[in-house]
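*Asks:* Handing over protein-v4.txt, compact mmCIF, C-alpha atoms.
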```txt
# COMPACT_ATOMS: atom_id res chain seq x y z
CA MET A 132 0.00 0.00 0.00
CA ALA A 133 1.44 3.36 -1.02
CA ARG A 134 1.89 5.80 1.83
CA SER A 135 1.34 9.49 1.21
CA LYS A 136 4.01 11.94 2.25
CA THR A 137 3.42 14.10 5.28
CA PHE A 138 4.80 17.63 5.27
CA VAL A 139 6.52 18.81 8.44
CA GLY A 140 7.78 22.24 9.36
CA ASP A 141 11.27 21.45 10.60
CA ILE A 142 12.34 24.98 9.74
CA ALA A 143 9.94 26.39 12.33
CA GLY A 144 10.94 23.98 15.07
CA GLY A 145 12.86 24.73 18.23
CA THR A 146 16.25 23.60 16.96
CA LYS A 147 19.37 25.32 18.27
CA PRO A 148 20.74 28.23 16.18
CA VAL A 149 23.74 27.49 14.00
CA ALA A 150 26.96 28.48 15.81
CA ARG A 151 28.61 31.56 14.36
CA ASP A 152 31.17 34.08 15.65
CA ILE A 153 30.49 37.81 15.44
CA GLY A 154 31.84 39.27 12.19
CA THR A 155 32.16 35.99 10.29
CA ASN A 156 30.37 35.03 7.08
CA LEU A 157 26.57 35.10 7.09
CA THR A 158 24.26 32.63 5.41
CA VAL A 159 20.51 32.82 5.01
CA GLN A 160 20.31 30.17 7.74
CA ASN A 161 22.03 32.60 10.16
CA VAL A 162 19.56 35.32 9.21
CA TRP A 163 16.65 32.98 9.87
CA ASP A 164 18.11 31.96 13.25
CA ILE A 165 18.41 35.59 14.34
CA TYR A 166 14.86 36.30 13.17
CA ARG A 167 13.56 33.26 15.03
CA TRP A 168 15.58 33.45 18.25
CA TYR A 169 16.87 36.96 18.92
CA PRO A 170 14.36 39.45 20.40
CA GLY A 171 13.89 42.73 18.54
CA PHE A 172 14.84 41.75 14.99
CA ARG A 173 11.47 40.16 14.19
CA ASP A 174 9.66 43.15 15.72
CA MET A 175 11.63 45.69 13.67
CA ILE A 176 10.81 43.89 10.43
CA GLY A 177 7.19 43.50 11.51
CA LEU A 178 6.85 47.23 12.22
CA GLU A 179 8.09 48.14 8.76
CA VAL A 180 5.99 45.63 6.81
CA ASP A 181 2.89 46.38 8.88
CA ALA A 182 3.36 50.08 8.14
CA LEU A 183 3.68 49.42 4.39
CA PHE A 184 0.35 47.56 4.34
CA SER A 185 -1.26 49.53 7.20
CA ASN A 186 -4.12 50.92 5.10
CA GLY A 187 -4.24 48.12 2.54
CA ILE A 188 -4.15 48.61 -1.22
CA SER A 189 -6.37 50.62 -3.53
CA GLU A 190 -8.03 47.59 -5.17
CA ASP A 191 -8.80 45.37 -2.18
CA ASP A 192 -12.19 44.67 -3.74
CA VAL A 193 -10.34 42.72 -6.46
CA ILE A 194 -7.60 41.18 -4.31
CA ASP A 195 -9.11 39.85 -1.09
CA THR A 196 -7.59 39.98 2.38
CA THR A 197 -6.03 36.51 2.34
CA ARG A 198 -4.12 37.25 -0.87
CA ILE A 199 -2.99 40.63 0.46
CA MET A 200 -1.72 38.84 3.59
CA GLU A 201 0.24 36.43 1.39
CA CYS A 202 1.76 39.40 -0.48
CA LYS A 203 2.65 40.93 2.87
CA ASP A 204 4.33 37.70 3.94
CA GLY A 205 6.49 37.77 0.81
CA VAL A 206 7.68 41.32 1.55
CA ARG A 207 8.49 40.23 5.10
CA TRP A 208 10.69 37.43 3.75
CA ALA A 209 12.36 39.77 1.26
CA VAL A 210 13.14 42.39 3.93
CA MET A 211 14.51 39.67 6.19
CA ALA A 212 16.43 37.47 3.73
CA GLY A 213 16.85 39.69 0.64
CA TYR A 214 14.48 38.03 -1.83
CA ALA A 215 11.39 35.84 -2.12
CA ALA A 216 9.08 34.35 -4.76
CA TYR A 217 5.32 34.34 -5.32
CA LEU A 218 3.58 31.39 -6.96
CA VAL A 219 0.45 32.66 -8.76
CA ASP A 220 -2.17 30.22 -10.05
CA ALA A 221 -4.83 31.93 -12.18
CA ARG A 222 -5.87 28.86 -14.19
CA GLY A 223 -9.50 27.82 -14.55
CA ASP A 224 -12.67 29.64 -13.59
CA ARG A 225 -11.98 29.96 -9.86
CA ASP A 226 -10.44 33.03 -8.24
CA PRO A 227 -6.65 33.20 -8.70
CA LYS A 228 -4.52 32.40 -5.68
CA VAL A 229 -1.01 33.31 -4.57
CA GLU A 230 1.51 31.51 -2.38
CA THR A 231 4.77 32.89 -0.96
CA TRP A 232 8.03 30.93 -1.06
CA HIS A 233 11.18 31.89 0.85
CA PRO A 234 14.83 31.23 -0.08
CA TYR A 235 16.26 27.77 0.51
CA ILE A 236 16.84 27.30 4.26
CA ASN A 237 17.66 24.03 5.98
CA GLY A 238 16.23 21.90 3.19
CA ILE A 239 13.07 23.96 2.63
CA GLY A 240 12.44 26.79 0.17
CA PHE A 241 13.28 27.61 -3.44
CA GLN A 242 16.36 28.02 -5.60
CA PHE A 243 16.71 29.54 -9.08
CA THR A 244 17.44 26.80 -11.60
CA ALA A 245 17.12 28.37 -15.07
CA PHE A 246 17.72 31.82 -16.58
CA SER A 247 17.19 33.55 -19.89
CA ALA A 248 20.07 34.81 -22.04
CA LYS A 249 19.97 38.14 -20.19
CA GLY A 250 19.71 36.66 -16.71
CA HIS A 251 15.95 36.77 -16.24
CA PRO A 252 14.89 33.80 -14.04
CA LEU A 253 12.78 31.31 -15.97
CA GLU A 254 12.45 28.49 -13.43
CA ILE A 255 12.73 27.79 -9.73
CA GLU A 256 12.87 24.51 -7.84
CA VAL A 257 10.90 24.26 -4.59
CA TYR A 258 12.01 21.89 -1.85
CA MET A 259 9.90 20.51 0.99
CA LYS A 260 10.80 18.25 3.86
CA ALA A 261 8.58 15.24 4.44
CA ASN A 262 8.10 13.13 7.53
CA GLU A 263 10.98 10.71 8.17
CA ILE A 264 8.67 7.71 7.86
CA SER A 265 7.77 8.74 4.33
CA SER A 266 9.72 8.03 1.19
CA GLY A 267 12.05 11.03 1.16
CA ASP A 268 11.70 14.74 0.60
CA ILE A 269 9.72 16.46 -2.16
CA HIS A 270 10.94 18.93 -4.76
CA PHE A 271 9.37 20.23 -7.95
CA THR A 272 9.98 22.93 -10.55
CA ILE A 273 7.82 25.98 -11.24
CA PRO A 274 8.10 28.04 -14.45
CA HIS A 275 8.06 31.82 -14.57
CA TYR A 276 4.53 33.22 -14.97
CA HIS A 277 3.87 33.71 -18.68
CA CYS A 278 4.06 37.41 -19.62
CA GLU A 279 4.28 39.60 -22.68
CA THR A 280 7.80 39.73 -24.13
CA ASP A 281 9.99 42.57 -25.36
CA MET A 282 11.96 42.78 -28.62
CA ASP A 283 14.66 40.47 -27.20
CA GLY A 284 12.14 37.84 -26.10
CA GLU A 285 12.54 38.70 -22.40
CA TYR A 286 9.50 38.63 -20.13
CA ILE A 287 7.89 41.97 -19.21
CA ASP A 288 6.80 41.20 -15.65
CA THR A 289 4.35 44.08 -15.42
CA GLU A 290 2.32 42.64 -18.33
CA PRO A 291 1.28 39.14 -17.19
CA ILE A 292 -1.05 37.17 -19.45
CA PRO A 293 -4.35 36.36 -17.68
CA GLY A 294 -5.09 32.77 -16.71
CA GLY A 295 -1.51 31.67 -16.24
CA TYR A 296 0.55 29.76 -13.70
CA GLY A 297 4.06 30.45 -12.42
CA PHE A 298 6.26 32.51 -10.15
CA PHE A 299 7.34 36.13 -9.80
CA HIS A 300 10.36 37.06 -7.71
CA ILE A 301 11.01 40.17 -5.60
CA ARG A 302 14.21 41.53 -4.09
CA THR A 303 15.25 44.28 -1.71
CA GLN A 304 16.31 47.75 -2.77
CA GLY A 305 19.86 49.00 -3.19
CA ASN A 306 21.80 45.84 -4.04
CA ILE A 307 24.19 44.91 -6.81
CA ARG A 308 22.38 43.80 -9.96
CA GLY A 309 20.89 40.33 -9.97
CA VAL A 310 17.90 38.42 -8.66
CA GLN A 311 19.13 37.87 -5.10
CA GLY A 312 19.04 40.93 -2.87
CA LEU A 313 20.63 41.35 0.53
CA PRO A 314 18.75 41.40 3.83
CA GLN A 315 17.67 44.98 4.40
CA TYR A 316 19.05 45.04 7.93
CA MET A 317 22.05 42.77 7.43
CA HIS A 318 24.36 45.33 9.08
CA LEU A 319 22.28 45.07 12.27
CA LEU A 320 22.32 41.29 12.62
CA ASP A 321 25.47 41.26 14.74
CA ALA A 322 24.09 44.13 16.84
CA PHE A 323 21.00 42.10 17.70
CA LYS A 324 23.14 39.06 18.45
CA ILE A 325 25.39 41.11 20.75
CA GLN A 326 22.35 42.52 22.55
CA TRP A 327 20.96 39.10 23.27
CA ASP A 328 24.34 37.68 24.25
CA ILE A 329 24.76 40.52 26.76
CA ILE A 330 21.32 39.84 28.23
CA LYS A 331 22.05 36.11 28.52
CA ALA A 332 25.42 36.74 30.18
CA TYR A 333 24.00 39.36 32.55
CA GLY A 334 20.83 37.45 33.38
CA PRO A 335 22.21 35.23 36.18
CA TYR A 336 23.62 38.33 37.92
CA ALA A 337 20.54 40.45 37.33
CA GLU A 338 18.47 37.78 39.07
CA LYS A 339 20.52 38.34 42.23
CA GLN A 340 20.93 42.09 41.81
CA GLY A 341 20.48 43.89 45.12
CA MET A 342 20.71 40.63 47.08
CA ALA A 343 23.92 41.64 48.87
CA PHE A 344 25.02 39.70 51.93
CA PRO A 345 27.30 40.44 54.89
CA ALA A 346 30.78 38.93 55.10
CA VAL A 347 32.45 38.74 58.51
CA PHE A 348 36.23 38.52 58.74
CA ALA A 349 37.08 37.06 62.15
CA GLU A 350 40.46 36.26 63.61
CA ASP A 351 38.96 33.39 65.58
CA THR A 352 37.07 31.09 63.15
CA GLY A 353 36.45 28.32 65.63
CA PRO A 354 33.02 26.70 65.97
CA ALA A 355 32.19 28.53 69.18
CA ASN A 356 32.99 31.99 67.78
CA LYS A 357 31.11 31.26 64.50
CA THR A 358 28.05 30.30 66.52
CA ASN A 359 28.38 33.46 68.62
CA ILE A 360 28.62 35.71 65.54
CA LYS A 361 25.60 34.03 63.86
CA ASN A 362 23.56 34.48 67.05
CA GLN A 363 24.48 38.16 67.21
CA PHE A 364 23.41 38.74 63.60
CA ALA A 365 20.20 36.79 64.11
CA ASN A 366 19.29 39.10 66.99
CA GLN A 367 20.13 42.36 65.22
CA PRO A 368 17.20 44.83 65.17
CA SER A 369 16.37 46.58 61.89
CA THR A 370 18.14 49.82 62.83
CA ASN A 371 21.44 51.48 62.04
CA ARG A 372 23.07 49.82 65.00
CA LEU A 373 26.71 48.99 64.34
CA LEU A 374 28.35 45.74 65.38
CA ILE A 375 32.05 45.98 66.25
CA LEU A 376 33.96 42.71 66.59
CA GLY A 377 37.46 43.93 67.37
CA MET A 378 40.56 45.57 65.98
CA GLU A 379 41.67 42.44 64.16
CA GLU A 380 38.28 41.80 62.63
CA ALA A 381 36.05 43.47 60.02
CA ILE A 382 32.64 43.26 58.39
CA GLU A 383 31.45 44.40 54.93
CA TRP A 384 28.63 43.79 52.47
CA ILE A 385 29.40 41.82 49.29
CA SER A 386 27.13 42.17 46.23
CA PRO A 387 27.05 40.19 42.97
CA GLN A 388 27.26 43.58 41.24
CA ALA A 389 30.58 44.55 42.81
CA GLY A 390 33.19 45.20 40.10
CA ALA A 391 30.86 44.12 37.26
CA TYR A 392 30.45 46.12 34.02
CA ASP A 393 27.14 47.83 33.39
CA PRO A 394 25.58 46.39 30.20
CA PHE A 395 22.89 49.01 29.80
CA PRO A 396 24.99 51.74 28.10
CA MET A 397 25.94 49.12 25.52
CA LEU A 398 22.31 48.20 24.93
CA GLN A 399 21.40 51.89 24.69
CA TRP A 400 24.05 52.45 22.00
CA ILE A 401 22.76 49.50 19.99
CA ASN A 402 19.21 50.91 20.19
CA THR A 403 20.55 54.19 18.81
CA LEU A 404 22.18 52.29 15.95
CA ILE A 405 18.91 50.49 15.18
CA ALA A 406 17.00 53.77 15.24
CA ARG A 407 19.36 55.37 12.72
CA SER A 408 19.15 52.44 10.34
CA SER A 409 15.43 51.76 10.50
CA GLN A 410 14.15 55.36 10.53
CA MET A 411 12.29 54.54 13.75
CA ASN A 412 13.09 57.18 16.32
CA LYS A 413 14.14 56.10 19.79
CA LEU A 414 10.75 56.96 21.25
CA MET A 415 9.22 54.28 19.03
CA LEU A 416 11.83 51.74 20.07
CA GLU A 417 11.71 52.45 23.78
CA GLY A 418 7.95 52.76 24.13
CA ASP A 419 7.64 56.25 25.57
CA PRO A 420 4.09 57.65 25.81
CA ALA A 421 2.50 58.90 22.60
CA GLY A 422 2.54 62.47 23.90
CA TYR A 423 6.32 62.51 23.72
CA LEU A 424 6.24 60.85 20.31
CA SER A 425 3.92 63.46 18.83
CA ALA A 426 6.30 66.23 19.93
CA SER A 427 8.99 64.90 17.60
CA GLU A 428 7.44 66.11 14.34
CA THR A 429 10.71 66.09 12.42
CA ALA A 430 11.43 62.46 13.31
CA ILE A 431 7.90 61.38 12.37
CA SER A 432 7.99 63.35 9.12
CA ASN A 433 11.28 61.72 8.14
CA TRP A 434 9.90 58.28 8.94
CA GLU A 435 6.74 58.90 6.90
CA SER A 436 8.73 60.20 3.91
CA LYS A 437 11.00 57.16 4.01
CA LEU A 438 8.00 54.85 4.25
CA LYS A 439 6.33 56.39 1.19
CA GLU A 440 9.59 55.97 -0.73
CA LYS A 441 9.66 52.29 0.24
CA GLN A 442 6.03 51.89 -0.82
CA ALA A 443 6.92 53.26 -4.25
CA TYR A 444 9.69 50.66 -4.56
CA TRP A 445 7.70 47.67 -3.30
CA ARG A 446 4.81 48.60 -5.58
CA THR A 447 7.05 48.07 -8.61
CA GLN A 448 7.98 44.67 -7.21
CA LEU A 449 4.42 43.60 -6.37
CA LEU A 450 2.58 45.05 -9.38
CA PRO A 451 3.19 41.93 -11.56
CA VAL A 452 1.65 39.76 -8.83
CA TRP A 453 -1.30 42.11 -8.36
CA ARG A 454 -1.99 42.28 -12.09
CA ALA A 455 -1.84 38.48 -12.39
CA LEU A 456 -4.42 38.34 -9.58
CA GLY A 457 -6.75 40.60 -11.59
CA ALA A 458 -5.86 44.14 -10.49
CA THR A 459 -5.26 47.03 -12.90
CA GLU A 460 -1.96 48.77 -13.60
CA ASP A 461 -3.09 51.62 -11.29
CA CYS A 462 -3.18 49.38 -8.20
CA ASN A 463 -1.13 50.91 -5.39
CA PHE A 464 -0.62 51.01 -1.64
CA GLU A 465 -2.92 53.26 0.33
CA ASP A 466 -1.29 56.22 2.06
CA PRO A 467 0.24 54.90 5.32
CA THR A 468 -0.25 58.29 7.03
CA LYS A 469 -3.94 58.54 6.18
CA PRO A 470 -5.71 59.85 9.31
CA THR A 471 -8.53 58.00 11.03
CA PHE A 472 -12.08 59.37 10.79
CA VAL A 473 -11.91 60.67 14.35
CA SER A 474 -8.65 62.51 13.63
CA LEU A 475 -10.18 63.91 10.45
CA MET A 476 -13.17 65.32 12.35
CA GLU A 477 -10.89 66.79 15.03
CA GLY A 478 -9.03 68.60 12.26
CA LEU A 479 -12.28 70.05 10.88
CA LYS A 480 -13.31 71.18 14.36
CA SER A 481 -10.00 72.91 15.00
CA MET A 482 -10.13 74.55 11.56
CA ARG A 483 -13.55 76.05 12.20
CA GLU A 484 -12.73 77.25 15.71
CA ALA A 485 -9.56 78.96 14.45
CA MET A 486 -11.28 80.86 11.61
CA ASP A 487 -14.84 81.36 12.91
CA GLY A 488 -15.62 85.08 13.06
CA LEU A 489 -12.55 86.00 11.04
CA ILE A 490 -13.36 84.48 7.66
CA GLU A 491 -16.60 84.19 5.71
CA PRO A 492 -18.38 80.84 6.35
CA GLU A 493 -18.31 80.00 2.64
CA ASP A 494 -14.51 80.34 2.60
CA ILE A 495 -14.19 78.16 5.70
CA VAL A 496 -16.28 75.46 4.03
CA ASP A 497 -14.18 75.68 0.86
CA LEU A 498 -11.03 75.09 2.94
CA MET A 499 -12.74 72.19 4.71
CA ASN A 500 -13.64 70.59 1.38
CA GLU A 501 -10.06 70.97 0.19
CA TYR A 502 -8.87 69.37 3.45
CA LEU A 503 -11.25 66.41 2.97
CA GLU A 504 -10.23 65.98 -0.68
CA ASN A 505 -6.54 65.91 0.25
CA ASN A 506 -7.35 63.07 2.65
CA ASP A 507 -9.14 61.00 -0.01
CA GLN A 508 -12.66 61.85 1.17
CA ASP A 509 -15.33 62.28 -1.51
CA LYS A 510 -17.76 64.11 0.78
CA GLU A 511 -18.52 67.76 0.04
CA LEU A 512 -19.78 70.23 2.65
CA HIS A 513 -22.08 73.18 1.91
CA ALA A 514 -22.38 76.39 3.90
CA LEU A 515 -25.74 77.35 5.39
CA PRO A 516 -27.30 80.62 4.17
CA LYS A 517 -26.53 83.48 6.55
CA GLU A 518 -30.23 83.98 7.41
CA GLU A 519 -30.63 80.35 8.44
CA MET A 520 -27.39 80.45 10.44
CA MET A 521 -28.53 83.57 12.29
CA ASN A 522 -31.91 81.96 13.05
CA ASN A 523 -30.13 78.90 14.44
CA ASN A 524 -27.92 81.09 16.64
CA GLU A 525 -30.96 83.02 17.92
CA SER A 526 -32.76 79.77 18.75
CA ASP A 527 -29.70 78.52 20.65
CA GLU A 528 -29.51 81.78 22.64
CA GLN A 529 -33.24 81.66 23.50
CA GLY A 530 -32.87 78.06 24.65
CA GLN A 531 -29.94 78.99 26.90
CA ASP A 532 -31.92 81.92 28.41
CA SER A 533 -34.90 79.69 29.24
CA GLU A 534 -32.62 77.12 30.86
CA GLN A 535 -30.99 79.85 32.97
CA GLN A 536 -34.40 81.12 34.13
CA SER A 537 -35.46 77.60 35.09
CA ASP A 538 -32.27 77.14 37.08
CA ASN A 539 -32.82 80.44 38.92
CA LYS A 540 -36.39 79.46 39.86
CA GLY A 541 -35.24 76.09 41.03
CA ASN A 542 -32.53 77.62 43.19
```
Show this structure as structure tokens.
*Replies:*
Amino acid sequence: MARSKTFVGDIAGGTKPVARDIGTNLTVQNVWDIYRWYPGFRDMIGLEVDALFSNGISEDDVIDTTRIMECKDGVRWAVMAGYAAYLVDARGDRDPKVETWHPYINGIGFQFTAFSAKGHPLEIEVYMKANEISSGDIHFTIPHYHCETDMDGEYIDTEPIPGGYGFFHIRTQGNIRGVQGLPQYMHLLDAFKIQWDIIKAYGPYAEKQGMAFPAVFAEDTGPANKTNIKNQFANQPSTNRLLILGMEEAIEWISPQAGAYDPFPMLQWINTLIARSSQMNKLMLEGDPAGYLSASETAISNWESKLKEKQAYWRTQLLPVWRALGATEDCNFEDPTKPTFVSLMEGLKSMREAMDGLIEPEDIVDLMNEYLENNDQDKELHALPKEEMMNNNESDEQGQDSEQQSDNKGN
């Protein structure tokens, strides 16, 4: 009887990280180990990718949430490892689907296996690990998604042919030419490793921090004198009373911290390094209250500008996938800084209070409509006629007068 193969996720298991010294060669396996084991690295990547997709994409009615999440997962892999691949299946009458594949790590993932004359990838081979009781591992090839071609016969990724099957690859920005990019935060991998190594080395001492104990240096260390000293300490009241044992003897407090280096300035410097590289200011990293964060307008503005630049890049990488899934060539990320509805209404309220009585109501409404349009709102406000506005104000004043009279009678 033939036994079917069972897929297992060895790559996600709790295996020990591969040993590696600081500053030595890095492999994608080392990058994965740091992502999986070392606190902070996963969170930094998550913050960036979450921000890119924070408000979704402009054609989420065409590409549903599950497919957007798969696209997001691919960007996460690319930021972490340098490159990734999407398998798009748009064959048949059903809705097209997309699946993310990561680089080859510990026997699982994909490798490029065929290229065109100009270096365009034409085929990848995907590897999976199967359960040990099954008949070996599984690997299969996937062709490049069929697209329109240019004059040299090379695929034009941004013009996929509907109803096809195959892969598209993405890579990180700012690398040497090729299909394999570098991890976006490769220069921080050793910093994260050092941070965690410091914490692990300091942990046993931190557990006992502040747990100092007295050490008595006695000339007579016989059993009788030891018992006498212990009895005296056991009977000490909790005051500043001083115990004097003699000219030849002494007492002092010994702490696990005595003579040890302080690791926290080192950790603080590494946080500063991370902040510079990731465009996250230190308030974001260290979790200070939002009130402090909002005061740093320059830092937030720089972060938002950098994020929009990254969205422009990742859109060029993802557009072939989106078009193969049925989107148009205008599909794009939504603005990551788009305010919430509550924030939008607070802005309108502040605008009116600042200009009321100084500017004609019609002009205030025109500015409000411009404000709403700039924030992708298709609503349009209209100013009330002056006569109606004056009648409303008079009614409000009469209502306030009647309430005041009722209060006076009640009092």
*Asks:* For the atom pair CA of Thr303 in chain A and CA of Lys441 in chain A, what is the interatomic distance in Å to one decimal place?
*Replies:* 10.0 Å
*Asks:* Select, from A:Gly334, A:Arg225, A:Phe241, A:Glu285, the residue with the minimum atom-to-atom distance to Ile269 in chain A, counting only C-alpha atoms.
*Replies:*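 With only C-alpha atoms as the atom set, the closest residue is A:Phe241.
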*Asks:* Nearest to Glu254 in chain A: which of A:Gln442, A:Asn463, A:His275, A:Trp400 is it, counting all atoms listed in the file?
*Replies:*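 Of the candidates, the smallest distance to Glu254 in chain A is held by A:His275.
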*Asks:* Around all the atoms of range 395-405 of chain A listed in the file, with 5 Å of room on each side, what axis-aligned box do you get, giving centre and edge lengths in Å to one decimal, as AutoDock Vina command-line options?
*Replies:*
```
--center_x 22.4 --center_y 51.2 --center_z 22.5 --size_x 17.0 --size_y 16.0 --size_z 24.6
```
*Asks:* Quick one, how far is CA of Leu450 in chain A from CA of Arg173 in chain A?
*Replies:*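 For CA of Leu450 in chain A relative to CA of Arg173 in chain A, the distance reads 25.7 Å.
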*Asks:* Between A:Trp445, A:Tyr166, A:Tyr286, A:Phe472, which residue has the minimum interatomic distance to Tyr316 in chain A, considering all atoms listed in the file?
*Replies:* A:Tyr166
*Asks:* Pick from A:Phe364, A:Phe172, A:Trp208, A:Tyr217: nearest to Ala455 in chain A, with all atoms listed in the file counted?
*Replies:*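 Result for the nearest residue to Ala455 in chain A: A:Tyr217.
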*Asks:* At a cut-off of 10 Å, using all atoms listed in the file, what residues contact range 307-312 of chain A? Leave out same-chain residues fewer than 3 positions from it and give the result as a list in words.
*Replies:* Ala209, Val210, Ala212, Gly213, Tyr214, Ala215, Pro234, Phe243, Gly250, His251, Pro252, His300, Ile301, Arg302, Thr303, Gln304 and Gln315 of chain A
*Asks:* Could you please give me, as a ChimeraX atom specification, the residues of protein, DNA or RNA lying at most 7 Å from (0.3, 37.1, -14.8) in the coordinate frame of the file, considering only C-alpha atoms?
*Replies:* /A:276-278,290-293,295,451-452,454-455
*Asks:* Counting all atoms listed in the file, figure out which residue out of A:Ala458, A:Leu320, A:Pro467, A:Ala485 gets nearest to Asn156 in chain A.
*Replies:*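 Checking each of A:Ala458, A:Leu320, A:Pro467, A:Ala485 against Asn156 in chain A, counting all atoms listed in the file, the winner is A:Leu320.
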*Asks:* What is the CA of Val496 in chain A-CA of Ala514 in chain A distance in Å, reported with one decimal?
*Replies:*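 CA of Ala514 in chain A lies at a distance of 6.2 Å from CA of Val496 in chain A.
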*Asks:* I need the residue nearest Met476 in chain A from this list: A:Trp163, A:Phe299, A:Tyr444, A:Tyr502. Use all atoms listed in the file for the distance.
*Replies:*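 Counting all atoms listed in the file, the residue closest to Met476 in chain A is A:Tyr502.
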*Asks:* List the neighbours of range 192-200 of chain A out to 7 Å using only C-alpha atoms; skip same-chain residues closer than 6 positions along the sequence, and give me the result as a JSON list (two decimals) with C-alpha atoms, in the frame of the given file.
*Replies:*
```
[["chain", "number", "residue", "atom", "x", "y", "z"],
["A", 228, "LYS", "CA", -4.52, 32.40, -5.68],
["A", 229, "VAL", "CA", -1.01, 33.31, -4.57],
["A", 456, "LEU", "CA", -4.42, 38.34, -9.58],
["A", 457, "GLY", "CA", -6.75, 40.60, -11.59],
["A", 458, "ALA", "CA", -5.86, 44.14, -10.49]]
```
